[in-house]
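Q: File follows, upload_10.pdb with PDB, C-alpha atoms:
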```pdb
MODEL        1
ATOM      1  CA  PRO Z   1       9.534  28.192 -21.168
ATOM      2  CA  PRO Z   2       6.582  26.331 -22.747
ATOM      3  CA  PRO Z   3       3.030  26.698 -21.362
ATOM      4  CA  GLY Z   4       2.682  25.038 -17.980
ATOM      5  CA  SER Z   5       6.382  25.034 -17.125
ATOM      6  CA  LEU Z   6       8.142  26.452 -14.102
ATOM      7  CA  PRO Z   7      10.971  28.670 -15.443
ATOM      8  CA  THR Z   8      14.513  28.647 -14.130
ATOM      9  CA  PRO Z   9      16.113  32.065 -13.429
ATOM     10  CA  GLN Z  10      19.144  32.964 -15.558
ATOM     11  CA  PRO Z  11      21.461  34.888 -13.164
ATOM     12  CA  LEU Z  12      24.362  35.495 -15.553
ATOM     13  CA  LEU Z  13      22.660  36.784 -18.677
ATOM     14  CA  GLN Z  14      19.489  38.804 -19.002
ATOM     15  CA  CYS Z  15      17.836  39.352 -22.401
ATOM     16  CA  THR Z  16      15.452  42.081 -23.468
ATOM     17  CA  GLY Z  17      13.168  41.769 -26.463
ATOM     18  CA  LEU Z  18      12.846  38.399 -28.217
ATOM     19  CA  ASN Z  19      14.532  35.739 -26.140
ATOM     20  CA  SER Z  20      16.920  34.443 -28.789
ATOM     21  CA  ALA Z  21      20.686  34.575 -28.987
ATOM     22  CA  ARG Z  22      20.310  35.715 -32.608
ATOM     23  CA  THR Z  23      17.973  38.636 -31.991
ATOM     24  CA  CYS Z  24      18.147  39.858 -28.393
ATOM     25  CA  THR Z  25      20.409  42.280 -26.593
ATOM     26  CA  HIS Z  26      22.222  41.180 -23.461
ATOM     27  CA  THR Z  27      22.579  43.047 -20.207
ATOM     28  CA  ARG Z  28      25.245  41.677 -17.928
ATOM     29  CA  VAL Z  29      24.130  41.336 -14.320
ATOM     30  CA  PRO Z  30      26.211  40.471 -11.262
ATOM     31  CA  GLN Z  31      26.874  36.834 -10.465
ATOM     32  CA  LEU Z  32      25.756  36.140  -6.929
ATOM     33  CA  SER Z  33      27.209  32.680  -6.511
ATOM     34  CA  PHE Z  34      28.866  29.974  -8.534
ATOM     35  CA  GLN Z  35      28.420  26.247  -8.311
ATOM     36  CA  LYS Z  36      30.177  23.945 -10.704
ATOM     37  CA  THR Z  37      27.976  21.761 -12.889
ATOM     38  CA  HIS Z  38      29.178  18.193 -13.167
ATOM     39  CA  ARG Z  39      28.183  16.472 -16.409
ATOM     40  CA  PHE Z  40      27.006  12.903 -16.559
ATOM     41  CA  ILE Z  41      26.006  10.942 -19.675
ATOM     42  CA  TYR Z  42      22.899   8.746 -19.603
ATOM     43  CA  TYR Z  43      23.081   5.215 -21.024
ATOM     44  CA  SER Z  44      19.612   4.013 -22.004
ATOM     45  CA  ASP Z  45      20.628   0.347 -22.137
ATOM     46  CA  THR Z  46      21.585   0.353 -18.432
ATOM     47  CA  GLY Z  47      19.534   3.181 -16.934
ATOM     48  CA  TRP Z  48      22.664   4.711 -15.368
ATOM     49  CA  ALA Z  49      24.282   8.128 -15.694
ATOM     50  CA  VAL Z  50      28.088   8.103 -15.899
ATOM     51  CA  GLY Z  51      30.613  10.894 -15.405
ATOM     52  CA  ALA Z  52      31.721  12.461 -18.666
ATOM     53  CA  GLU Z  53      35.189  11.675 -19.997
ATOM     54  CA  GLU Z  54      37.969  13.931 -18.704
ATOM     55  CA  SER Z  55      35.688  15.254 -15.946
ATOM     56  CA  ASP Z  56      36.169  15.111 -12.170
ATOM     57  CA  PHE Z  57      33.755  12.182 -12.051
ATOM     58  CA  GLU Z  58      34.919  10.118 -15.009
ATOM     59  CA  GLY Z  59      34.317   6.455 -14.176
ATOM     60  CA  TRP Z  60      31.684   7.215 -11.500
ATOM     61  CA  ALA Z  61      27.985   6.524 -11.959
ATOM     62  CA  PHE Z  62      24.537   6.600 -10.350
ATOM     63  CA  PRO Z  63      21.138   5.113 -11.307
ATOM     64  CA  PHE Z  64      18.931   7.526 -13.239
ATOM     65  CA  PRO Z  65      15.396   6.094 -13.385
ATOM     66  CA  GLY Z  66      12.403   7.577 -15.171
ATOM     67  CA  VAL Z  67      13.822   7.888 -18.713
ATOM     68  CA  THR Z  68      12.601   5.563 -21.479
ATOM     69  CA  LEU Z  69      13.764   5.786 -25.110
ATOM     70  CA  ILE Z  70      11.932   3.937 -27.878
ATOM     71  CA  GLU Z  71      14.146   4.290 -30.930
ATOM     72  CA  ASP Z  72      12.791   4.366 -34.500
ATOM     73  CA  PHE Z  73       9.233   4.768 -33.198
ATOM     74  CA  VAL Z  74       8.276   6.023 -36.660
ATOM     75  CA  THR Z  75       9.816   5.198 -40.016
ATOM     76  CA  ARG Z  76      11.640   7.730 -42.169
ATOM     77  CA  ASP Z  77       8.665   7.925 -44.521
ATOM     78  CA  GLU Z  78       6.215   8.435 -41.630
ATOM     79  CA  GLU Z  79       8.495  11.091 -40.180
ATOM     80  CA  ALA Z  80       8.655  12.998 -43.470
ATOM     81  CA  GLU Z  81       4.878  12.846 -43.877
ATOM     82  CA  MET Z  82       4.261  14.085 -40.316
ATOM     83  CA  VAL Z  83       6.577  17.074 -40.708
ATOM     84  CA  GLN Z  84       5.052  17.885 -44.090
ATOM     85  CA  LEU Z  85       1.576  17.924 -42.518
ATOM     86  CA  MET Z  86       2.827  20.095 -39.659
ATOM     87  CA  ASP Z  87       4.301  22.582 -42.106
ATOM     88  CA  ARG Z  88       0.925  22.984 -43.816
ATOM     89  CA  GLU Z  89      -0.346  24.630 -40.624
ATOM     90  CA  PRO Z  90       0.944  27.993 -39.372
ATOM     91  CA  TRP Z  91       3.824  28.054 -36.907
ATOM     92  CA  LYS Z  92       3.906  30.746 -34.215
ATOM     93  CA  LEU Z  93       7.224  32.268 -33.197
ATOM     94  CA  SER Z  94       7.880  31.347 -29.573
ATOM     95  CA  GLN Z  95      10.597  32.055 -27.015
ATOM     96  CA  SER Z  96      14.314  31.394 -27.501
ATOM     97  CA  GLY Z  97      14.131  31.068 -31.275
ATOM     98  CA  ARG Z  98      11.570  28.254 -31.322
ATOM     99  CA  ARG Z  99       8.371  28.007 -33.341
ATOM    100  CA  LYS Z 100       5.334  26.190 -31.977
ATOM    101  CA  GLN Z 101       1.919  24.726 -32.694
ATOM    102  CA  ASP Z 102      -0.440  24.096 -29.770
ATOM    103  CA  TYR Z 103      -3.251  21.550 -29.829
ATOM    104  CA  GLY Z 104      -4.926  21.792 -26.457
ATOM    105  CA  PRO Z 105      -7.177  23.848 -24.179
ATOM    106  CA  LYS Z 106      -6.330  27.429 -23.318
ATOM    107  CA  VAL Z 107      -4.826  27.316 -19.827
ATOM    108  CA  ASN Z 108      -3.954  29.887 -17.178
ATOM    109  CA  PHE Z 109      -1.597  27.876 -14.999
ATOM    110  CA  ARG Z 110      -1.104  30.627 -12.455
ATOM    111  CA  LYS Z 111      -4.841  30.866 -11.734
ATOM    112  CA  GLN Z 112      -5.396  27.154 -12.451
ATOM    113  CA  LYS Z 113      -8.173  27.797 -14.943
ATOM    114  CA  LEU Z 114      -8.770  26.503 -18.462
ATOM    115  CA  LYS Z 115     -11.165  26.968 -21.372
ATOM    116  CA  THR Z 116     -12.218  24.397 -23.945
ATOM    117  CA  ALA Z 117     -13.546  26.997 -26.409
ATOM    118  CA  GLY Z 118     -11.818  26.591 -29.778
ATOM    119  CA  PHE Z 119     -10.160  23.285 -28.830
ATOM    120  CA  ARG Z 120     -11.074  20.666 -31.418
ATOM    121  CA  GLY Z 121      -8.650  17.914 -30.510
ATOM    122  CA  LEU Z 122      -5.262  16.588 -31.533
ATOM    123  CA  PRO Z 123      -4.362  16.738 -35.241
ATOM    124  CA  SER Z 124      -5.671  13.913 -37.429
ATOM    125  CA  PHE Z 125      -2.175  12.651 -38.273
ATOM    126  CA  SER Z 126      -1.550  11.866 -34.598
ATOM    127  CA  ARG Z 127      -4.257   9.187 -34.433
ATOM    128  CA  ASP Z 128      -1.903   6.403 -35.547
ATOM    129  CA  VAL Z 129       0.909   7.768 -33.350
ATOM    130  CA  VAL Z 130      -1.280   7.581 -30.223
ATOM    131  CA  ARG Z 131      -2.539   4.125 -31.171
ATOM    132  CA  ARG Z 132       1.040   2.886 -31.582
ATOM    133  CA  MET Z 133       2.015   4.298 -28.179
ATOM    134  CA  GLY Z 134      -0.500   1.934 -26.580
ATOM    135  CA  LEU Z 135       1.440  -1.069 -27.888
ATOM    136  CA  TYR Z 136       4.222  -0.398 -25.361
ATOM    137  CA  PRO Z 137       3.636  -1.443 -21.712
ATOM    138  CA  ILE Z 138       4.771   1.917 -20.320
ATOM    139  CA  LEU Z 139       2.142   3.690 -22.458
ATOM    140  CA  GLU Z 140      -0.663   1.134 -22.756
ATOM    141  CA  ASP Z 141      -3.113   3.390 -20.855
ATOM    142  CA  PHE Z 142      -1.682   6.716 -22.051
ATOM    143  CA  ARG Z 143      -4.407   9.059 -23.339
ATOM    144  CA  PRO Z 144      -2.992  12.452 -24.327
ATOM    145  CA  VAL Z 145      -5.095  15.559 -23.954
ATOM    146  CA  GLU Z 146      -2.577  18.017 -25.401
ATOM    147  CA  GLN Z 147       0.032  18.067 -28.153
ATOM    148  CA  CYS Z 148       2.638  20.793 -28.531
ATOM    149  CA  ASN Z 149       4.851  20.813 -31.631
ATOM    150  CA  LEU Z 150       8.133  22.697 -31.344
ATOM    151  CA  ASP Z 151      10.409  23.570 -34.256
ATOM    152  CA  TYR Z 152      14.125  24.109 -33.491
ATOM    153  CA  CYS Z 153      16.580  25.590 -35.997
ATOM    154  CA  PRO Z 154      20.262  26.534 -35.495
ATOM    155  CA  GLU Z 155      19.886  29.686 -37.618
ATOM    156  CA  ARG Z 156      17.364  31.040 -35.101
ATOM    157  CA  GLY Z 157      19.480  30.034 -32.113
ATOM    158  CA  SER Z 158      16.676  27.761 -30.906
ATOM    159  CA  ALA Z 159      16.801  26.446 -27.347
ATOM    160  CA  ILE Z 160      14.610  25.860 -24.330
ATOM    161  CA  ALA Z 161      15.592  26.822 -20.773
ATOM    162  CA  PRO Z 162      15.658  24.328 -17.869
ATOM    163  CA  HIS Z 163      12.115  23.826 -16.589
ATOM    164  CA  LEU Z 164       9.648  21.472 -14.958
ATOM    165  CA  ASP Z 165       6.310  20.898 -16.653
ATOM    166  CA  ASP Z 166       3.154  21.787 -14.747
ATOM    167  CA  ALA Z 167       1.741  19.107 -12.436
ATOM    168  CA  TRP Z 168      -1.711  20.634 -11.727
ATOM    169  CA  LEU Z 169      -3.145  19.783 -15.175
ATOM    170  CA  TRP Z 170      -0.527  17.507 -16.717
ATOM    171  CA  GLY Z 171      -0.091  13.974 -15.402
ATOM    172  CA  GLU Z 172       2.709  11.556 -14.641
ATOM    173  CA  ARG Z 173       4.097  10.884 -18.117
ATOM    174  CA  LEU Z 174       5.615  13.364 -20.566
ATOM    175  CA  VAL Z 175       5.972  11.835 -24.029
ATOM    176  CA  SER Z 176       8.023  13.503 -26.786
ATOM    177  CA  LEU Z 177       8.486  12.343 -30.358
ATOM    178  CA  ASN Z 178      11.817  13.592 -31.723
ATOM    179  CA  LEU Z 179      11.913  14.066 -35.500
ATOM    180  CA  LEU Z 180      14.389  14.999 -38.274
ATOM    181  CA  SER Z 181      17.631  15.183 -36.271
ATOM    182  CA  PRO Z 182      19.092  13.899 -33.004
ATOM    183  CA  THR Z 183      19.755  16.183 -30.063
ATOM    184  CA  VAL Z 184      20.712  16.129 -26.393
ATOM    185  CA  LEU Z 185      18.278  16.599 -23.516
ATOM    186  CA  SER Z 186      20.094  18.212 -20.590
ATOM    187  CA  MET Z 187      18.659  17.257 -17.190
ATOM    188  CA  SER Z 188      19.568  19.287 -14.113
ATOM    189  CA  ARG Z 189      18.595  19.213 -10.435
ATOM    190  CA  GLU Z 190      18.712  21.869  -7.766
ATOM    191  CA  ALA Z 191      18.080  19.663  -4.747
ATOM    192  CA  PRO Z 192      19.831  20.433  -1.440
ATOM    193  CA  GLY Z 193      21.077  16.885  -0.928
ATOM    194  CA  SER Z 194      23.940  15.140  -2.676
ATOM    195  CA  LEU Z 195      23.914  12.127  -4.968
ATOM    196  CA  LEU Z 196      25.738   8.964  -3.997
ATOM    197  CA  LEU Z 197      27.996   7.669  -6.741
ATOM    198  CA  CYS Z 198      29.327   4.222  -7.480
ATOM    199  CA  LEU Z 199      32.639   3.460  -9.089
ATOM    200  CA  ALA Z 200      31.633   2.029 -12.445
ATOM    201  CA  PRO Z 201      33.015  -1.529 -12.693
ATOM    202  CA  SER Z 202      35.340  -2.529 -15.501
ATOM    203  CA  GLY Z 203      33.537  -3.454 -18.670
ATOM    204  CA  PHE Z 204      31.052  -0.575 -18.325
ATOM    205  CA  PRO Z 205      28.339  -0.213 -19.441
ATOM    206  CA  GLU Z 206      27.627  -3.943 -19.734
ATOM    207  CA  ALA Z 207      28.784  -4.645 -16.180
ATOM    208  CA  LEU Z 208      26.221  -2.256 -14.682
ATOM    209  CA  VAL Z 209      23.426  -4.529 -15.799
ATOM    210  CA  GLU Z 210      24.559  -7.247 -13.384
ATOM    211  CA  GLY Z 211      25.430  -5.147 -10.348
ATOM    212  CA  VAL Z 212      27.521  -2.332  -8.915
ATOM    213  CA  MET Z 213      29.727  -1.591  -5.954
ATOM    214  CA  ALA Z 214      28.500   0.209  -2.843
ATOM    215  CA  PRO Z 215      28.252   4.016  -3.037
ATOM    216  CA  SER Z 216      31.594   5.563  -2.251
ATOM    217  CA  ARG Z 217      31.514   9.175  -3.439
ATOM    218  CA  SER Z 218      28.977  12.004  -3.582
ATOM    219  CA  VAL Z 219      28.331  15.124  -5.646
ATOM    220  CA  LEU Z 220      26.200  18.161  -4.784
ATOM    221  CA  CYS Z 221      25.201  19.491  -8.206
ATOM    222  CA  GLN Z 222      24.995  17.750 -11.531
ATOM    223  CA  GLU Z 223      23.721  17.699 -15.092
ATOM    224  CA  VAL Z 224      22.786  14.553 -16.968
ATOM    225  CA  GLU Z 225      22.896  14.599 -20.749
ATOM    226  CA  VAL Z 226      20.443  12.246 -22.468
ATOM    227  CA  ALA Z 227      21.226  11.629 -26.134
ATOM    228  CA  VAL Z 228      17.900  11.687 -27.998
ATOM    229  CA  PRO Z 229      18.008  10.086 -31.460
ATOM    230  CA  ARG Z 230      14.971   9.834 -33.750
ATOM    231  CA  SER Z 231      12.907   8.301 -30.994
ATOM    232  CA  LEU Z 232      10.018   8.477 -28.564
ATOM    233  CA  LEU Z 233      11.119   9.784 -25.159
ATOM    234  CA  VAL Z 234       9.085   9.135 -21.981
ATOM    235  CA  LEU Z 235       9.827  10.962 -18.711
ATOM    236  CA  THR Z 236       8.270   9.690 -15.475
ATOM    237  CA  GLY Z 237       8.918   9.760 -11.721
ATOM    238  CA  ALA Z 238      11.948  11.733 -10.576
ATOM    239  CA  ALA Z 239      12.963  12.527 -14.169
ATOM    240  CA  ARG Z 240       9.551  14.149 -14.620
ATOM    241  CA  HIS Z 241       9.101  15.929 -11.279
ATOM    242  CA  GLN Z 242      12.569  16.572  -9.800
ATOM    243  CA  TRP Z 243      14.949  16.999 -12.731
ATOM    244  CA  LYS Z 244      14.494  20.026 -14.968
ATOM    245  CA  HIS Z 245      14.992  19.419 -18.683
ATOM    246  CA  ALA Z 246      16.419  21.723 -21.322
ATOM    247  CA  ILE Z 247      17.725  21.844 -24.889
ATOM    248  CA  HIS Z 248      20.870  23.981 -25.231
ATOM    249  CA  ARG Z 249      21.657  25.935 -28.415
ATOM    250  CA  ARG Z 250      24.909  24.073 -28.892
ATOM    251  CA  HIS Z 251      22.971  20.826 -29.274
ATOM    252  CA  ILE Z 252      20.805  22.043 -32.180
ATOM    253  CA  GLU Z 253      22.890  21.343 -35.282
ATOM    254  CA  ALA Z 254      20.060  20.960 -37.828
ATOM    255  CA  ARG Z 255      16.297  21.419 -37.949
ATOM    256  CA  ARG Z 256      14.596  19.421 -35.200
ATOM    257  CA  VAL Z 257      10.856  19.016 -34.696
ATOM    258  CA  CYS Z 258       9.509  17.686 -31.417
ATOM    259  CA  ALA Z 259       5.887  16.714 -30.710
ATOM    260  CA  THR Z 260       5.212  16.535 -26.958
ATOM    261  CA  PHE Z 261       2.100  14.762 -25.689
ATOM    262  CA  ARG Z 262       0.694  15.302 -22.180
ATOM    263  CA  GLU Z 263      -1.900  13.380 -20.199
ATOM    264  CA  LEU Z 264      -4.233  14.593 -17.445
ATOM    265  CA  SER Z 265      -3.312  14.693 -13.770
ATOM    266  CA  ALA Z 266      -5.247  12.720 -11.139
ATOM    267  CA  GLU Z 267      -7.447  15.749 -10.392
ATOM    268  CA  PHE Z 268      -9.011  15.431 -13.869
ATOM    269  CA  CYS Z 269      -9.218  11.625 -13.971
ATOM    270  CA  PRO Z 270     -12.054   9.387 -12.645
ATOM    271  CA  GLY Z 271     -12.413   9.982  -8.910
ATOM    272  CA  GLY Z 272     -10.720  13.386  -9.135
ATOM    273  CA  ARG Z 273     -12.255  16.725  -8.211
ATOM    274  CA  GLN Z 274     -12.588  17.782 -11.865
ATOM    275  CA  GLN Z 275     -13.246  14.396 -13.464
ATOM    276  CA  GLU Z 276     -16.173  15.658 -15.578
ATOM    277  CA  LEU Z 277     -14.028  18.373 -17.134
ATOM    278  CA  GLY Z 278     -11.285  15.818 -17.693
ATOM    279  CA  GLN Z 279     -13.680  13.519 -19.523
ATOM    280  CA  GLU Z 280     -14.803  16.394 -21.733
ATOM    281  CA  LEU Z 281     -11.191  17.268 -22.565
ATOM    282  CA  LEU Z 282     -10.419  13.674 -23.495
ATOM    283  CA  GLN Z 283     -13.450  13.376 -25.750
ATOM    284  CA  ILE Z 284     -12.376  16.505 -27.611
ATOM    285  CA  SER Z 285      -8.695  15.548 -27.720
ATOM    286  CA  LEU Z 286      -9.203  12.023 -29.041
ATOM    287  CA  SER Z 287     -11.594  13.154 -31.768
ATOM    288  CA  PHE Z 288      -8.428  14.088 -33.721
ATOM    289  CA  GLN Z 289     -10.082  17.015 -35.478
ATOM    290  CA  GLY Z 290      -7.756  19.712 -34.176
ATOM    291  CA  ARG Z 291      -6.144  22.780 -35.669
ATOM    292  CA  PRO Z 292      -3.361  24.753 -33.951
ATOM    293  CA  MET Z 293      -4.686  27.079 -31.234
TER     294      MET Z 293
ENDMDL
END
```
Would you write out, as structure tokens, the structure that this file holds?
A:
Amino acid sequence: PPPGSLPTPQPLLQCTGLNSARTCTHTRVPQLSFQKTHRFIYYSDTGWAVGAEESDFEGWAFPFPGVTLIEDFVTRDEEAEMVQLMDREPWKLSQSGRRKQDYGPKVNFRKQKLKTAGFRGLPSFSRDVVRRMGLYPILEDFRPVEQCNLDYCPERGSAIAPHLDDAWLWGERLVSLNLLSPTVLSMSREAPGSLLLCLAPSGFPEALVEGVMAPSRSVLCQEVEVAVPRSLLVLTGAARHQWKHAIHRRHIEARRVCATFRELSAEFCPGGRQQELGQELLQISLSFQGRPM
């Protein structure tokens, strides 16, 4: 998982060496329990997740708040220029066949300590990206203090396991800019309670905008697939703190580059216990003089 994430155990398959389907060896371990995963598809124009076709819950739906998609946030020319500038800097091989570039402080999440030494800010090409974010109401006060670029490629078997991002340092909104190719973000929850479903009215998805029937069915475990085109993705609320997100290998069909921006948590904002450190981090970050750490 990326820095600051809470990893999800993988009970069925255990890898040794580099964590990539292309380069690791697998050791089969016993399966302790099995719980069926029910797939739902997220519709950004309604904010609802609907049971996949030919599944046990086809035609059933539930509200899925906390996901915002801003399509075509950058133009094709801007996208090409950004990736070209990224490729001028070194990429570091990361877990599960990914490559990464980190622009942020060095953090020990387990000990909840960080160092600013060597951190010179976000890259210069992100200045206009951050400025443009502020034009949207959901991001008008968003001030990122970290940027992590991830490079996915099908030849490397790139993926990222289900995880929650850290909440000690990182704040309410996770913002990801998806470049080069579309993909699918798989959201999963391991909560003890069940979700109440509504029977999707005829004319879905348009009919969901006006209203739905009372809940009439429930499901214990589930996965919501969010189609992510060339867009800016914002996760907040339950989608940020309760639903783990992942990118499966089967959903990487061409090179994909993702730039994820993170803001500070309340502890590092004005009035927080570490507000002075937070202010220092922001001054460095928004100088836009960074190189990959």
Q: For the file shown, what are the residues hit by the PyMOL selection byres ((chain Z and resi 158) around 9), laid out as number ranges by chain?
A: Z: 20-22, 95-99, 151-157, 159-160, 247-249, 252
Q: Between CA of Pro105 in chain Z and CA of Cys258 in chain Z, what distance in Å does the model show, to one decimal?
A: 19.2 Å
Q: Can you tell me how far CA of Tyr43 in chain Z sits from CA of Ala227 in chain Z, in Å to one decimal?
A: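 Calculated distance between CA of Tyr43 in chain Z and CA of Ala227 in chain Z is 8.4 Å.
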Q: Do a neighbour search on Gly290 in chain Z at 8 Å with only C-alpha atoms, toss out local chain neighbours closer than 2 positions, and write the hits as a compact mmCIF listing (two decimals) with C-alpha atoms, in the frame of the given file.
A:
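This is the output file result06.txt:
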```
# COMPACT_ATOMS: atom_id res chain seq x y z
CA TYR Z 103 -3.25 21.55 -29.83
CA PHE Z 119 -10.16 23.28 -28.83
CA ARG Z 120 -11.07 20.67 -31.42
CA GLY Z 121 -8.65 17.91 -30.51
CA LEU Z 122 -5.26 16.59 -31.53
CA PRO Z 123 -4.36 16.74 -35.24
CA SER Z 124 -5.67 13.91 -37.43
CA SER Z 285 -8.70 15.55 -27.72
CA SER Z 287 -11.59 13.15 -31.77
CA PHE Z 288 -8.43 14.09 -33.72
CA PRO Z 292 -3.36 24.75 -33.95
```
Q: Could you name the residues that touch Glu263 in chain Z at 12 Å or less, counting only C-alpha atoms, but leaving out those on the same chain fewer than 5 positions away, as a PyMOL selection string?
A: chain Z and resi 104+130+139+141-147+165-176+234+236+268-269+278-279+281-282+285-286
Q: Z:Ser94, Z:Pro65, Z:Val184, Z:Glu140: which is nearest Ala49 in chain Z, counting all atoms listed in the file?
A: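 Between Z:Ser94, Z:Pro65, Z:Val184, Z:Glu140, the residue approaching Ala49 in chain Z most closely is Z:Pro65.
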Q: What gap, in Å, lies between CA of Arg217 in chain Z and CA of Leu164 in chain Z?
A: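 Interatomic distance here is 27.6 Å.
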Q: Where does the PyMOL selection byres ((chain Z and resi 52) around 12) land in this file, that is, which residues does it pick, as a ChimeraX atom specification?
A: /Z:37-43,49-51,53-61,222-226
Q: What's around Ala259 in chain Z at 10 Å? Count only C-alpha atoms, leave out sequence neighbours fewer than 3 positions away in its own chain, and write the answer as a PyMOL selection string.
A: chain Z and resi 100-102+126+147-151+175-179+232
Q: Calculated over all atoms listed in the file, which of the candidates Z:Leu195, Z:Gly271, Z:Ser188, Z:Val228 has the smallest distance to Ser44 in chain Z?
A: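 Among Z:Leu195, Z:Gly271, Z:Ser188, Z:Val228, it is Z:Val228 that comes nearest to Ser44 in chain Z.
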Q: Once you count only C-alpha atoms, which residues end up no further than 7 Å from (21.7, 2.3, -9.3) in the file's frame, shown as a list in words?
A: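 I get Trp48, Phe62 and Pro63 of chain Z for the residues within 7 Å of that point.
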Q: Pick from Z:Phe109, Z:Lys244, Z:Arg291, Z:Ser231: nearest to Phe125 in chain Z, with all atoms listed in the file counted?
A: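 Using all atoms listed in the file, Phe125 in chain Z sits closest to Z:Arg291.
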Q: Determine the nearest neighbour of Cys198 in chain Z from the options Z:Ser181, Z:Ser218, Z:Ser186, Z:Asn108, counting only C-alpha atoms.
A: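 Closest residue, counting only C-alpha atoms: Z:Ser218.
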Q: Some atoms are missing, so please complete range 56-68 of chain Z with N, CA, C and O atoms and return it as a PDB file, in the frame of the given file.
A:
```
ATOM      1  N   ASP Z  56      35.791  15.511 -13.529  1.00  0.00           N
ATOM      2  CA  ASP Z  56      36.169  15.111 -12.170  1.00  0.00           C
ATOM      3  C   ASP Z  56      35.545  13.786 -11.765  1.00  0.00           C
ATOM      4  O   ASP Z  56      36.016  13.141 -10.831  1.00  0.00           O
ATOM      5  N   PHE Z  57      34.469  13.390 -12.452  1.00  0.00           N
ATOM      6  CA  PHE Z  57      33.755  12.182 -12.051  1.00  0.00           C
ATOM      7  C   PHE Z  57      33.771  11.119 -13.148  1.00  0.00           C
ATOM      8  O   PHE Z  57      32.890  10.278 -13.198  1.00  0.00           O
ATOM      9  N   GLU Z  58      34.782  11.165 -14.004  1.00  0.00           N
ATOM     10  CA  GLU Z  58      34.919  10.118 -15.009  1.00  0.00           C
ATOM     11  C   GLU Z  58      35.060   8.764 -14.324  1.00  0.00           C
ATOM     12  O   GLU Z  58      35.835   8.610 -13.383  1.00  0.00           O
ATOM     13  N   GLY Z  59      34.263   7.787 -14.777  1.00  0.00           N
ATOM     14  CA  GLY Z  59      34.317   6.455 -14.176  1.00  0.00           C
ATOM     15  C   GLY Z  59      33.375   6.260 -13.008  1.00  0.00           C
ATOM     16  O   GLY Z  59      33.290   5.160 -12.458  1.00  0.00           O
ATOM     17  N   TRP Z  60      32.651   7.322 -12.599  1.00  0.00           N
ATOM     18  CA  TRP Z  60      31.684   7.215 -11.500  1.00  0.00           C
ATOM     19  C   TRP Z  60      30.272   7.288 -12.068  1.00  0.00           C
ATOM     20  O   TRP Z  60      30.032   7.920 -13.100  1.00  0.00           O
ATOM     21  N   ALA Z  61      29.326   6.637 -11.388  1.00  0.00           N
ATOM     22  CA  ALA Z  61      27.985   6.524 -11.959  1.00  0.00           C
ATOM     23  C   ALA Z  61      26.919   6.489 -10.865  1.00  0.00           C
ATOM     24  O   ALA Z  61      27.220   6.250  -9.688  1.00  0.00           O
ATOM     25  N   PHE Z  62      25.681   6.752 -11.264  1.00  0.00           N
ATOM     26  CA  PHE Z  62      24.537   6.600 -10.350  1.00  0.00           C
ATOM     27  C   PHE Z  62      23.310   6.218 -11.166  1.00  0.00           C
ATOM     28  O   PHE Z  62      23.204   6.557 -12.357  1.00  0.00           O
ATOM     29  N   PRO Z  63      22.352   5.489 -10.567  1.00  0.00           N
ATOM     30  CA  PRO Z  63      21.138   5.113 -11.307  1.00  0.00           C
ATOM     31  C   PRO Z  63      20.288   6.339 -11.605  1.00  0.00           C
ATOM     32  O   PRO Z  63      20.146   7.223 -10.770  1.00  0.00           O
ATOM     33  N   PHE Z  64      19.741   6.384 -12.811  1.00  0.00           N
ATOM     34  CA  PHE Z  64      18.931   7.526 -13.239  1.00  0.00           C
ATOM     35  C   PHE Z  64      17.613   7.001 -13.800  1.00  0.00           C
ATOM     36  O   PHE Z  64      17.431   6.881 -15.007  1.00  0.00           O
ATOM     37  N   PRO Z  65      16.659   6.674 -12.921  1.00  0.00           N
ATOM     38  CA  PRO Z  65      15.396   6.094 -13.385  1.00  0.00           C
ATOM     39  C   PRO Z  65      14.458   7.151 -13.953  1.00  0.00           C
ATOM     40  O   PRO Z  65      14.637   8.352 -13.748  1.00  0.00           O
ATOM     41  N   GLY Z  66      13.442   6.686 -14.678  1.00  0.00           N
ATOM     42  CA  GLY Z  66      12.403   7.577 -15.171  1.00  0.00           C
ATOM     43  C   GLY Z  66      12.586   8.043 -16.598  1.00  0.00           C
ATOM     44  O   GLY Z  66      11.826   8.884 -17.071  1.00  0.00           O
ATOM     45  N   VAL Z  67      13.588   7.520 -17.310  1.00  0.00           N
ATOM     46  CA  VAL Z  67      13.822   7.888 -18.713  1.00  0.00           C
ATOM     47  C   VAL Z  67      13.691   6.636 -19.574  1.00  0.00           C
ATOM     48  O   VAL Z  67      14.382   5.646 -19.351  1.00  0.00           O
ATOM     49  N   THR Z  68      12.784   6.676 -20.543  1.00  0.00           N
ATOM     50  CA  THR Z  68      12.601   5.563 -21.479  1.00  0.00           C
ATOM     51  C   THR Z  68      12.739   6.086 -22.902  1.00  0.00           C
ATOM     52  O   THR Z  68      12.113   7.080 -23.269  1.00  0.00           O
TER      53      THR Z  68
END
```
